[in-house]
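Notes follow the structure.
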Amino acid sequence: MVEPFIIFSIDGASYAVRSDQVQQVEVVENVTPVPNTPDFVDGIVYLRGKVVPVINLRTRFGVERIPYDIYSRLVVIDLEQRVIGLAVDTAREFIHLESNQILPVPESLSGPGVEYLEGVHSKEERLILVINLHRLLAKQEKEQLLKDMENRDFKRELESRSEESLS
Amino acid sequence: MNEFPLEDFIEDFLQESNEHLQSINQNLLILEKSLSSKDQLGEANSSRISIINDLFRSFHTLKGLSGMVGLRPAEELSHLMEAVLREIQNSELEIDQEVIDRLFEGTKTLKGIVSSINDSEAQAPDIADISKSINRLLLKHQTPITPTKTTEEAGFANISASDAKEVKEKSEEDIETIIRRELSEHPDVDGKLDKKDLEHLKAAYQSGNLLYLVIFSPSTEKADRGKNVSQLRDQLVADGSILKSIPLINKDSVQFAFFVSRTKPIPVEVFQEAVVVPFREDFGEHIQPEKTAEPETEIFKRAAVYETPSHPRTTSVRVDLEKLDEILRILSDLVVTRSRINDQVLKLGAQLNNSARIKPFENLEQTLGQMDRNLRDLRAAVTRARMVPLSEVFHHMPLAVRDMTRNQKKEVRLILEGEQTQIDKVMVERLLDPLMHLVRNAITHGIETPAERIAAGKPAAGSLVLRGVWEGDQILIELADDGRGIDIKQVKEKAVELGLLNKDQNIDKNNLLDVISTHGFSTLDKAHLGAGRGIGMEVVIQNIRSIGGTIELQSTLGKGTIFRLLMPLTLTILDAIIVRVGSERYAVPRHSVEEVIEIDPAQIVKIESGELLPFRQSPLTLIRLTDLFHMPVDEKDVRRFGIICSSSEKLAALVVDQLVEMREVVVRAVQDPLVSKPGIFGATDLGDGQAVLILDVPALLFSKSIDELLQS
């Protein structure tokens, strides 16, 4: 089966996401930072009247953060009832890939974002890394959950301590 | 009018049909080969599925194409073949040599019928034999298909039996009158409608679908833009089905009339390419939003389905909106109280953890859950009480349009749809001005005079569609005209002349709206604006944004203009103080503020746990946003401002750099777990497209999690 993909790049590498999971691609502008969020969250933007969080994929992939420039794009994904913007170096291409030509990730492959890949595709001698967005979101969720649990424990401890000191 | 010769159309039909027949034969060959290779596993199997899907699509398209040229036998036969493929897709029928043989035979017959259309000498092959053998094939698997089954069943789960019955009774008398009335203007179509067709239309109407008559006149100009019958057909069947297509063949031109049954309204673009006659205008009662987002929207939806008042205002009480707002405020306090109980119950649960769970505790937990649901329902009910139908705005339009068309000697057909769609009362009031302005613009600048229209090959009367429809938890309002559209070249010249744009900058669909709404921009004849209503696009956009909406513009030169407004169904408006800390602006809800003071840095007393400021009877704790939010701090000793809030008789002040203004803001939820943080109430747009965080100051100042914030 042939599926349409949107290609974007991070630090020179080409990544592909299924275009039916992409709501729109925007210029990155007017990002409002939100305090006390993980380092890979750049903030929020307003899109069609809705508040959309912006994930900096460079940071998420462990690549050094660079300021946005005229090529930067926001790939807005709509998945699992969440709308999230992914800030990427640039996104310009729309291509069709044969799904049976997407090969498993070679074990030897390492590099930014490799843990989120579902496969690789080489088209005209060019390596395209196909991202599994579900995996990307799942990772966030897990981290969030852990953090919330820590906070809750911490809070409980604080509360019980203050109660002890009162009694 | 541009004439479109029938021969050209037939030629297109032949070409497209032959392409499909050819691909069918190829695919059948591959399928046959896969039978003998016996390899049904793995890759071969998945490629087989895609071949079957391809075949299905080809037959489906052939069916549509044949219907359009009135080639009944080809339509029926394609339908049968499509049925076979569907059975295979559903694994009801296994592919064997017999199935393949029948499909080959059918395809051959189809080809014969298709070629006969252009050859007056040839006799079209009879489909009786092949139909019989295909039906036998299907019967053998106990799924006989009647060739006439074309209407798809409409989803209509949301109306209960009694409601459906009511719709049915009401419609029996109405729909025929509506059809007759609308068709009186199209006698050529009416003549081709028999009793059975009428029954089909009635049935579709009664199932709650939207009915339209669409008349399309192909032209070479439209074809150049990729607008042809197949493309239109695809658009019409995307969310519906074609009940009947009637080719209207005159001496040397051809038109196509489609009766369409749809679950969603026809895309407004279609109004610009074809004559569209809706057979019912109050679809808002019945249409269902596509997405069901959260329980609240579910309730909105039902509210609109069930509670559309049939006798408006006979049993209603006028309630001041402020009173409803007050109830909502009390309600949010109640939500906070509930969460406090919840905390205590959690604590209790932790202590009970080791010992056996006791029954009363479990009951308590259940009751809490129940209370949670009650509160949500209550909130939805209060919100619903604020909802009114869009007709409160839409009903102003016909009179305005009538006045304008008379003054300007134009003919306009105003089509209102979705007037029963429910929307917050506050929204309705604030929508009237901008919508009225857009309608006036459309008539004054969009729709041409009858003479100009006829010269351009359009009907003398312009169409103006105003429609409201749910889109998830928002409402989409579309305004489409089929007028002259916006001349981007002209707009650019003017923009360059006014210094709004550089010569090398281009105007495209993304910045067109920005340019024409720039202050002082007007390419338009000043005399038109002399009516005294020229509030300008700038104000329209500001109005829309101030109620949390967005606006999009799509314009095709010579074809018309579409405005799309996406609005929240309901909105919370707050009075807020806008403050600045560092380079960021924040909004602080006014109701949480006791007092705003200026802070003299010399008076600040630093103690171990923070900073204090002498204030009347007792010292005031100062909390700096820069500390809470881990922001860079500069010039510590300048004068700043303190926003004083109180909670349980404790006072504290949030220190900010600057007070910017006091204004109303629209609250948008910040829901995604990635960014939903304690102390952040929501976000708002002050009109420049930049999101500004609304702070929950009491939570910031008094919540225990503040320690976490400071330490994290």
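Labels for the structure tokens follow display order: chains A, B, ..., residues from 1 in each chain, ligands from 1.
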
- Do a neighbour search on Gln231 of chain B at 12 Å with only C-alpha atoms, toss out local chain neighbours closer than 6 positions, and write the hits as a list of chain:residue names.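 Those residues are B:Thr61, B:Gly64, B:Leu65, B:Phe216, B:Pro218, B:Lys222, B:Ala223, B:Arg225, B:Val237, B:Ala238, B:Val270, B:Glu273.
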
Can I get the selection written as an mmCIF file, in the first residue's frame, with all heavy atoms?
data_model
loop_
_atom_site.group_PDB
_atom_site.id
_atom_site.type_symbol
_atom_site.label_atom_id
_atom_site.label_comp_id
_atom_site.auth_asym_id
_atom_site.auth_seq_id
_atom_site.Cartn_x
_atom_site.Cartn_y
_atom_site.Cartn_z
ATOM 1 N N THR B 61 -16.617 3.472 -9.579
ATOM 2 C CA THR B 61 -16.506 4.640 -10.450
ATOM 3 C C THR B 61 -17.255 4.408 -11.757
ATOM 4 O O THR B 61 -17.955 5.290 -12.251
ATOM 5 C CB THR B 61 -15.025 4.934 -10.743
ATOM 6 O OG1 THR B 61 -14.328 4.905 -9.516
ATOM 7 C CG2 THR B 61 -14.868 6.283 -11.401
ATOM 8 N N GLY B 64 -20.859 4.993 -11.345
ATOM 9 C CA GLY B 64 -21.190 6.411 -11.322
ATOM 10 C C GLY B 64 -21.144 7.029 -12.707
ATOM 11 O O GLY B 64 -22.054 7.757 -13.117
ATOM 12 N N LEU B 65 -20.082 6.708 -13.445
ATOM 13 C CA LEU B 65 -19.918 7.273 -14.787
ATOM 14 C C LEU B 65 -21.083 6.866 -15.688
ATOM 15 O O LEU B 65 -21.663 7.687 -16.394
ATOM 16 C CB LEU B 65 -18.606 6.789 -15.410
ATOM 17 C CG LEU B 65 -17.316 7.368 -14.831
ATOM 18 C CD1 LEU B 65 -16.114 6.587 -15.348
ATOM 19 C CD2 LEU B 65 -17.190 8.840 -15.198
ATOM 20 N N PHE B 216 -25.583 20.934 -12.510
ATOM 21 C CA PHE B 216 -24.228 21.292 -12.950
ATOM 22 C C PHE B 216 -24.185 21.426 -14.457
ATOM 23 O O PHE B 216 -24.671 20.561 -15.180
ATOM 24 C CB PHE B 216 -23.247 20.203 -12.493
ATOM 25 C CG PHE B 216 -21.815 20.477 -12.867
ATOM 26 C CD1 PHE B 216 -21.080 21.420 -12.175
ATOM 27 C CD2 PHE B 216 -21.215 19.783 -13.905
ATOM 28 C CE1 PHE B 216 -19.757 21.670 -12.515
ATOM 29 C CE2 PHE B 216 -19.892 20.031 -14.245
ATOM 30 C CZ PHE B 216 -19.167 20.981 -13.539
ATOM 31 N N PRO B 218 -21.479 21.571 -17.269
ATOM 32 C CA PRO B 218 -20.046 21.507 -17.557
ATOM 33 C C PRO B 218 -19.665 22.591 -18.560
ATOM 34 O O PRO B 218 -20.484 22.989 -19.391
ATOM 35 C CB PRO B 218 -19.854 20.126 -18.185
ATOM 36 C CG PRO B 218 -21.135 19.402 -17.980
ATOM 37 C CD PRO B 218 -22.208 20.422 -17.786
ATOM 38 N N LYS B 222 -14.666 25.483 -16.740
ATOM 39 C CA LYS B 222 -14.662 24.731 -15.484
ATOM 40 C C LYS B 222 -13.709 23.542 -15.575
ATOM 41 O O LYS B 222 -12.985 23.237 -14.631
ATOM 42 C CB LYS B 222 -16.074 24.227 -15.154
ATOM 43 C CG LYS B 222 -16.959 25.316 -14.577
ATOM 44 C CD LYS B 222 -18.372 24.801 -14.352
ATOM 45 C CE LYS B 222 -19.284 25.952 -13.989
ATOM 46 N NZ LYS B 222 -20.700 25.577 -14.082
ATOM 47 N N ALA B 223 -13.740 22.882 -16.751
ATOM 48 C CA ALA B 223 -12.885 21.710 -16.929
ATOM 49 C C ALA B 223 -11.418 22.086 -16.766
ATOM 50 O O ALA B 223 -10.630 21.349 -16.182
ATOM 51 C CB ALA B 223 -13.120 21.085 -18.303
ATOM 52 N N ARG B 225 -10.245 24.211 -14.813
ATOM 53 C CA ARG B 225 -9.943 24.344 -13.400
ATOM 54 C C ARG B 225 -10.115 23.012 -12.659
ATOM 55 O O ARG B 225 -10.125 22.972 -11.432
ATOM 56 C CB ARG B 225 -10.851 25.402 -12.759
ATOM 57 C CG ARG B 225 -10.401 26.822 -13.074
ATOM 58 C CD ARG B 225 -11.248 27.854 -12.358
ATOM 59 N NE ARG B 225 -12.634 27.830 -12.824
ATOM 60 C CZ ARG B 225 -13.665 27.469 -12.094
ATOM 61 N NH1 ARG B 225 -13.490 27.077 -10.860
ATOM 62 N NH2 ARG B 225 -14.903 27.485 -12.579
ATOM 63 N N VAL B 237 -20.824 12.602 -2.967
ATOM 64 C CA VAL B 237 -20.983 11.313 -2.290
ATOM 65 C C VAL B 237 -20.054 11.158 -1.095
ATOM 66 O O VAL B 237 -20.146 10.182 -0.381
ATOM 67 C CB VAL B 237 -20.802 10.104 -3.247
ATOM 68 C CG1 VAL B 237 -21.868 10.108 -4.317
ATOM 69 C CG2 VAL B 237 -19.420 10.089 -3.840
ATOM 70 N N ALA B 238 -19.183 12.147 -0.879
ATOM 71 C CA ALA B 238 -18.237 12.031 0.238
ATOM 72 C C ALA B 238 -18.976 11.867 1.564
ATOM 73 O O ALA B 238 -18.569 11.098 2.401
ATOM 74 C CB ALA B 238 -17.317 13.249 0.285
ATOM 75 N N VAL B 270 -19.413 24.153 -3.584
ATOM 76 C CA VAL B 270 -20.271 23.629 -4.644
ATOM 77 C C VAL B 270 -21.247 24.695 -5.120
ATOM 78 O O VAL B 270 -21.587 24.765 -6.298
ATOM 79 C CB VAL B 270 -21.022 22.366 -4.153
ATOM 80 C CG1 VAL B 270 -21.997 21.866 -5.204
ATOM 81 C CG2 VAL B 270 -20.033 21.271 -3.807
ATOM 82 N N GLU B 273 -20.060 26.527 -8.096
ATOM 83 C CA GLU B 273 -19.870 25.850 -9.369
ATOM 84 C C GLU B 273 -21.183 25.350 -9.971
ATOM 85 O O GLU B 273 -21.252 25.058 -11.155
ATOM 86 C CB GLU B 273 -18.937 24.630 -9.205
ATOM 87 C CG GLU B 273 -17.591 24.948 -8.581
ATOM 88 C CD GLU B 273 -16.712 25.820 -9.471
ATOM 89 O OE1 GLU B 273 -17.040 25.947 -10.665
ATOM 90 O OE2 GLU B 273 -15.736 26.373 -8.959
#

* To do: Could you give me, as a list in words, the residues within 6 Å of segment 588-597 of chain B, counting only C-alpha atoms and dropping anything in the same chain fewer than 2 positions from it?
  => Asp575, Ala576, Ile577, Phe641, Gly642, Ile643, Ile644, Cys645, Ile694 and Leu695 of chain B

Could you list, as a VMD selection string, every residue within 12 Å of Gly111 of chain A, counting only C-alpha atoms and ignoring same-chain residues fewer than 5 positions away?
chain A and resid 10 to 13 58 61 to 63 105 to 106 116 to 117 129

Could you save the residues just selected, with C-alpha atoms, as a PDB file, in the first residue's frame?
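Output contents, as saved in part.pdb:
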ATOM      1  CA  ILE A  10      16.093  17.678  12.403  1.00  0.00           C
ATOM      2  CA  ASP A  11      19.819  18.322  12.409  1.00  0.00           C
ATOM      3  CA  GLY A  12      20.185  17.290   8.784  1.00  0.00           C
ATOM      4  CA  ALA A  13      18.317  13.988   9.053  1.00  0.00           C
ATOM      5  CA  ARG A  58      15.468  18.916  18.633  1.00  0.00           C
ATOM      6  CA  PHE A  61      15.665  14.052  20.336  1.00  0.00           C
ATOM      7  CA  GLY A  62      18.572  15.233  22.466  1.00  0.00           C
ATOM      8  CA  VAL A  63      20.011  17.544  19.832  1.00  0.00           C
ATOM      9  CA  VAL A 105      15.138  -0.193  12.224  1.00  0.00           C
ATOM     10  CA  PRO A 106      18.599  -1.765  11.959  1.00  0.00           C
ATOM     11  CA  TYR A 116      10.708   6.732  18.329  1.00  0.00           C
ATOM     12  CA  LEU A 117      11.244   5.124  14.938  1.00  0.00           C
ATOM     13  CA  LEU A 129      13.366   7.726   9.216  1.00  0.00           C
TER      14      LEU A 129
END

Per residue of chain A within 6 Å of chain B, which atom pair is closest and at what distance in Å (one decimal), using only C-alpha atoms, listed by chain and increasing number, as a Markdown table?
| residue | atom | partner | partner_atom | distance |
| --- | --- | --- | --- | --- |
| A:Asn30 | CA | B:Gln690 | CA | 5.1 |
| A:Pro35 | CA | B:Phe629 | CA | 5.0 |
| A:Val45 | CA | B:Ala691 | CA | 5.9 |
| A:Tyr46 | CA | B:Ala691 | CA | 5.8 |
| A:Arg48 | CA | B:Thr550 | CA | 5.6 |
| A:Gly49 | CA | B:Gly549 | CA | 5.7 |

From a DSSP calculation on the backbone, collect every residue of chain A in helix (DSSP H, G or I) and output the set as a VMD selection string. chain A and resid 19 to 21 57 to 60 99 to 101 114 to 116 133 to 166

Generate a file of the selected residues that holds C-alpha atoms, formatted as a short mmCIF file (atom, residue, chain, number, x, y, z; two decimals), in the first residue's frame.
data_model
loop_
_atom_site.label_atom_id
_atom_site.label_comp_id
_atom_site.auth_asym_id
_atom_site.auth_seq_id
_atom_site.Cartn_x
_atom_site.Cartn_y
_atom_site.Cartn_z
CA SER A 19 0.19 12.79 6.67
CA ASP A 20 -3.21 11.69 7.98
CA GLN A 21 -1.86 12.32 11.47
CA LEU A 57 11.78 18.01 18.61
CA ARG A 58 15.47 18.92 18.63
CA THR A 59 15.41 18.96 22.42
CA ARG A 60 13.20 15.89 22.56
CA SER A 99 4.50 0.71 3.23
CA ASN A 100 6.03 -2.67 2.52
CA GLN A 101 9.32 -0.93 1.75
CA VAL A 114 15.99 6.50 17.10
CA GLU A 115 13.84 5.29 20.00
CA TYR A 116 10.71 6.73 18.33
CA LEU A 133 4.02 9.32 16.81
CA HIS A 134 2.15 7.09 19.24
CA ARG A 135 5.49 6.12 20.70
CA LEU A 136 6.51 9.75 20.97
CA LEU A 137 3.34 10.62 22.90
CA ALA A 138 3.51 7.50 25.06
CA LYS A 139 6.97 8.40 26.24
CA GLN A 140 5.77 11.81 27.37
CA GLU A 141 2.88 10.31 29.21
CA LYS A 142 5.06 7.92 31.11
CA GLU A 143 7.45 10.66 32.15
CA GLN A 144 4.57 12.87 33.18
CA LEU A 145 3.02 10.13 35.25
CA LEU A 146 6.27 9.45 37.05
CA LYS A 147 6.72 13.12 37.76
CA ASP A 148 3.17 13.53 39.02
CA MET A 149 3.63 10.56 41.31
CA GLU A 150 6.83 12.00 42.71
CA ASN A 151 5.11 15.33 43.27
CA ARG A 152 2.20 13.72 45.00
CA ASP A 153 4.47 11.76 47.32
CA PHE A 154 6.47 14.87 47.99
CA LYS A 155 3.31 16.84 48.72
CA ARG A 156 1.96 14.18 51.02
CA GLU A 157 5.20 14.17 52.90
CA LEU A 158 5.15 17.95 53.28
CA GLU A 159 1.57 17.86 54.46
CA SER A 160 2.09 15.11 56.96
CA ARG A 161 5.17 16.89 58.29
CA SER A 162 3.32 20.16 58.77
CA GLU A 163 0.51 18.33 60.51
CA GLU A 164 2.96 16.62 62.80
CA SER A 165 4.52 19.91 63.77
CA LEU A 166 1.10 21.34 64.55
#

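Closest approach to Ile84 of chain A among A:Gly119, A:Ser9, A:Lys50, A:Asn36 is made by A:Lys50 (distances from only C-alpha atoms).
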
Restricting to only C-alpha atoms, whichever of A:Glu98, A:Glu125, A:Asp42, A:Glu107 is closest to Glu3 of chain A is A:Glu98

Q.
Taking 3 positions as the minimum chain separation for residues in the same chain, which residues sit within 10 Å of Ala400 of chain B when counting only C-alpha atoms? Answer as a PyMOL selection string.
A. chain B and resi 395-397+403-405+436+439-440

Take the residues from that selection and put them in a file with C-alpha atoms, as a PDB file, in the first residue's frame.
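Dumped to out_33.pdb:
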ATOM      1  CA  HIS B 395     -32.995  36.277  10.943  1.00  0.00           C
ATOM      2  CA  HIS B 396     -31.633  39.779  10.630  1.00  0.00           C
ATOM      3  CA  MET B 397     -30.141  38.941   7.266  1.00  0.00           C
ATOM      4  CA  ASP B 403     -32.825  46.410   1.226  1.00  0.00           C
ATOM      5  CA  MET B 404     -29.365  46.213  -0.256  1.00  0.00           C
ATOM      6  CA  THR B 405     -30.372  44.368  -3.394  1.00  0.00           C
ATOM      7  CA  MET B 436     -23.847  41.799   9.014  1.00  0.00           C
ATOM      8  CA  VAL B 439     -23.012  40.042   4.263  1.00  0.00           C
ATOM      9  CA  ARG B 440     -23.080  43.685   3.182  1.00  0.00           C
TER      10      ARG B 440
END

Neighbours of Ser14 of chain A within 9 Å (only C-alpha atoms; same-chain residues fewer than 6 positions away dropped), as number ranges by chain?
-> A: 7-8, 126-130

Could you take the residues named above and write them with all heavy atoms, as a JSON list (two decimals), in the first residue's frame?
[["chain", "number", "residue", "atom", "x", "y", "z"],
["A", 7, "ILE", "N", 7.57, 15.00, 5.24],
["A", 7, "ILE", "CA", 8.98, 14.86, 5.62],
["A", 7, "ILE", "C", 9.44, 16.15, 6.29],
["A", 7, "ILE", "O", 9.16, 17.24, 5.81],
["A", 7, "ILE", "CB", 9.85, 14.66, 4.36],
["A", 7, "ILE", "CG1", 9.36, 13.51, 3.53],
["A", 7, "ILE", "CG2", 11.32, 14.49, 4.75],
["A", 7, "ILE", "CD1", 9.70, 12.17, 4.08],
["A", 8, "PHE", "N", 10.10, 16.00, 7.41],
["A", 8, "PHE", "CA", 10.72, 17.18, 8.02],
["A", 8, "PHE", "C", 12.13, 16.82, 8.41],
["A", 8, "PHE", "O", 12.52, 15.65, 8.37],
["A", 8, "PHE", "CB", 9.91, 17.69, 9.21],
["A", 8, "PHE", "CG", 9.76, 16.71, 10.34],
["A", 8, "PHE", "CD1", 10.79, 16.49, 11.25],
["A", 8, "PHE", "CD2", 8.56, 16.02, 10.51],
["A", 8, "PHE", "CE1", 10.63, 15.60, 12.29],
["A", 8, "PHE", "CE2", 8.41, 15.13, 11.55],
["A", 8, "PHE", "CZ", 9.45, 14.91, 12.44],
["A", 126, "ARG", "N", 18.37, 7.85, -0.39],
["A", 126, "ARG", "CA", 18.25, 8.82, 0.69],
["A", 126, "ARG", "C", 17.54, 8.11, 1.82],
["A", 126, "ARG", "O", 16.56, 7.41, 1.59],
["A", 126, "ARG", "CB", 17.43, 9.97, 0.13],
["A", 126, "ARG", "CG", 17.00, 10.97, 1.12],
["A", 126, "ARG", "CD", 16.26, 12.05, 0.38],
["A", 126, "ARG", "NE", 15.56, 12.86, 1.35],
["A", 126, "ARG", "CZ", 14.45, 13.47, 1.12],
["A", 126, "ARG", "NH1", 13.87, 13.36, -0.07],
["A", 126, "ARG", "NH2", 13.87, 14.19, 2.05],
["A", 127, "LEU", "N", 18.05, 8.27, 3.02],
["A", 127, "LEU", "CA", 17.49, 7.56, 4.16],
["A", 127, "LEU", "C", 16.40, 8.38, 4.82],
["A", 127, "LEU", "O", 16.61, 9.53, 5.18],
["A", 127, "LEU", "CB", 18.60, 7.25, 5.17],
["A", 127, "LEU", "CG", 18.18, 6.29, 6.28],
["A", 127, "LEU", "CD1", 17.91, 4.90, 5.73],
["A", 127, "LEU", "CD2", 19.23, 6.26, 7.37],
["A", 128, "ILE", "N", 15.21, 7.79, 4.92],
["A", 128, "ILE", "CA", 14.10, 8.47, 5.57],
["A", 128, "ILE", "C", 13.71, 7.69, 6.81],
["A", 128, "ILE", "O", 13.48, 6.48, 6.74],
["A", 128, "ILE", "CB", 12.91, 8.61, 4.60],
["A", 128, "ILE", "CG1", 13.28, 9.56, 3.48],
["A", 128, "ILE", "CG2", 11.68, 9.12, 5.34],
["A", 128, "ILE", "CD1", 12.29, 9.60, 2.36],
["A", 129, "LEU", "N", 13.67, 8.38, 7.95],
["A", 129, "LEU", "CA", 13.37, 7.73, 9.22],
["A", 129, "LEU", "C", 11.89, 7.92, 9.52],
["A", 129, "LEU", "O", 11.42, 9.06, 9.62],
["A", 129, "LEU", "CB", 14.23, 8.33, 10.32],
["A", 129, "LEU", "CG", 15.74, 8.32, 9.99],
["A", 129, "LEU", "CD1", 16.51, 9.27, 10.88],
["A", 129, "LEU", "CD2", 16.30, 6.91, 10.08],
["A", 130, "VAL", "N", 11.16, 6.83, 9.60],
["A", 130, "VAL", "CA", 9.71, 6.93, 9.80],
["A", 130, "VAL", "C", 9.41, 6.91, 11.29],
["A", 130, "VAL", "O", 9.76, 5.97, 12.00],
["A", 130, "VAL", "CB", 8.98, 5.78, 9.09],
["A", 130, "VAL", "CG1", 7.47, 5.91, 9.31],
["A", 130, "VAL", "CG2", 9.30, 5.80, 7.60]]

- request: For Leu334 of chain B, please output as a count of residues only all residues within 9 Å (counting only C-alpha atoms; exclusion window: fewer than 5 positions along the same chain).
  value: 3

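From atom CA of Leu47 of chain A back to atom CA of Ile573 of chain B, the distance works out to 19.2 Å.
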
As a compact mmCIF listing (two decimals) with N, CA, C and O atoms, in the first residue's frame, please: the residues near Leu193 of chain B (cut-off 10 Å, only C-alpha atoms, same-chain neighbours under 4 positions excluded).
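Contents of the output file selection.txt:
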# COMPACT_ATOMS: atom_id res chain seq x y z
N ASP B 188 -37.84 21.09 -16.18
CA ASP B 188 -37.18 20.03 -16.95
C ASP B 188 -36.76 18.88 -16.05
O ASP B 188 -36.75 17.73 -16.44
N VAL B 189 -36.40 19.23 -14.79
CA VAL B 189 -36.02 18.19 -13.83
C VAL B 189 -37.27 17.48 -13.31
O VAL B 189 -37.33 16.26 -13.23
N ASP B 197 -39.07 7.65 -7.56
CA ASP B 197 -38.02 8.59 -7.17
C ASP B 197 -38.49 9.45 -6.01
O ASP B 197 -37.74 9.70 -5.06
N LEU B 198 -39.72 9.88 -6.10
CA LEU B 198 -40.28 10.72 -5.06
C LEU B 198 -40.29 9.97 -3.72
O LEU B 198 -39.98 10.54 -2.68
N LYS B 244 -30.59 10.13 -7.30
CA LYS B 244 -30.93 10.02 -8.71
C LYS B 244 -30.10 11.03 -9.48
O LYS B 244 -29.92 12.17 -9.02
N ILE B 246 -29.86 12.83 -13.24
CA ILE B 246 -30.63 13.01 -14.47
C ILE B 246 -29.80 13.82 -15.45
O ILE B 246 -29.48 14.98 -15.18
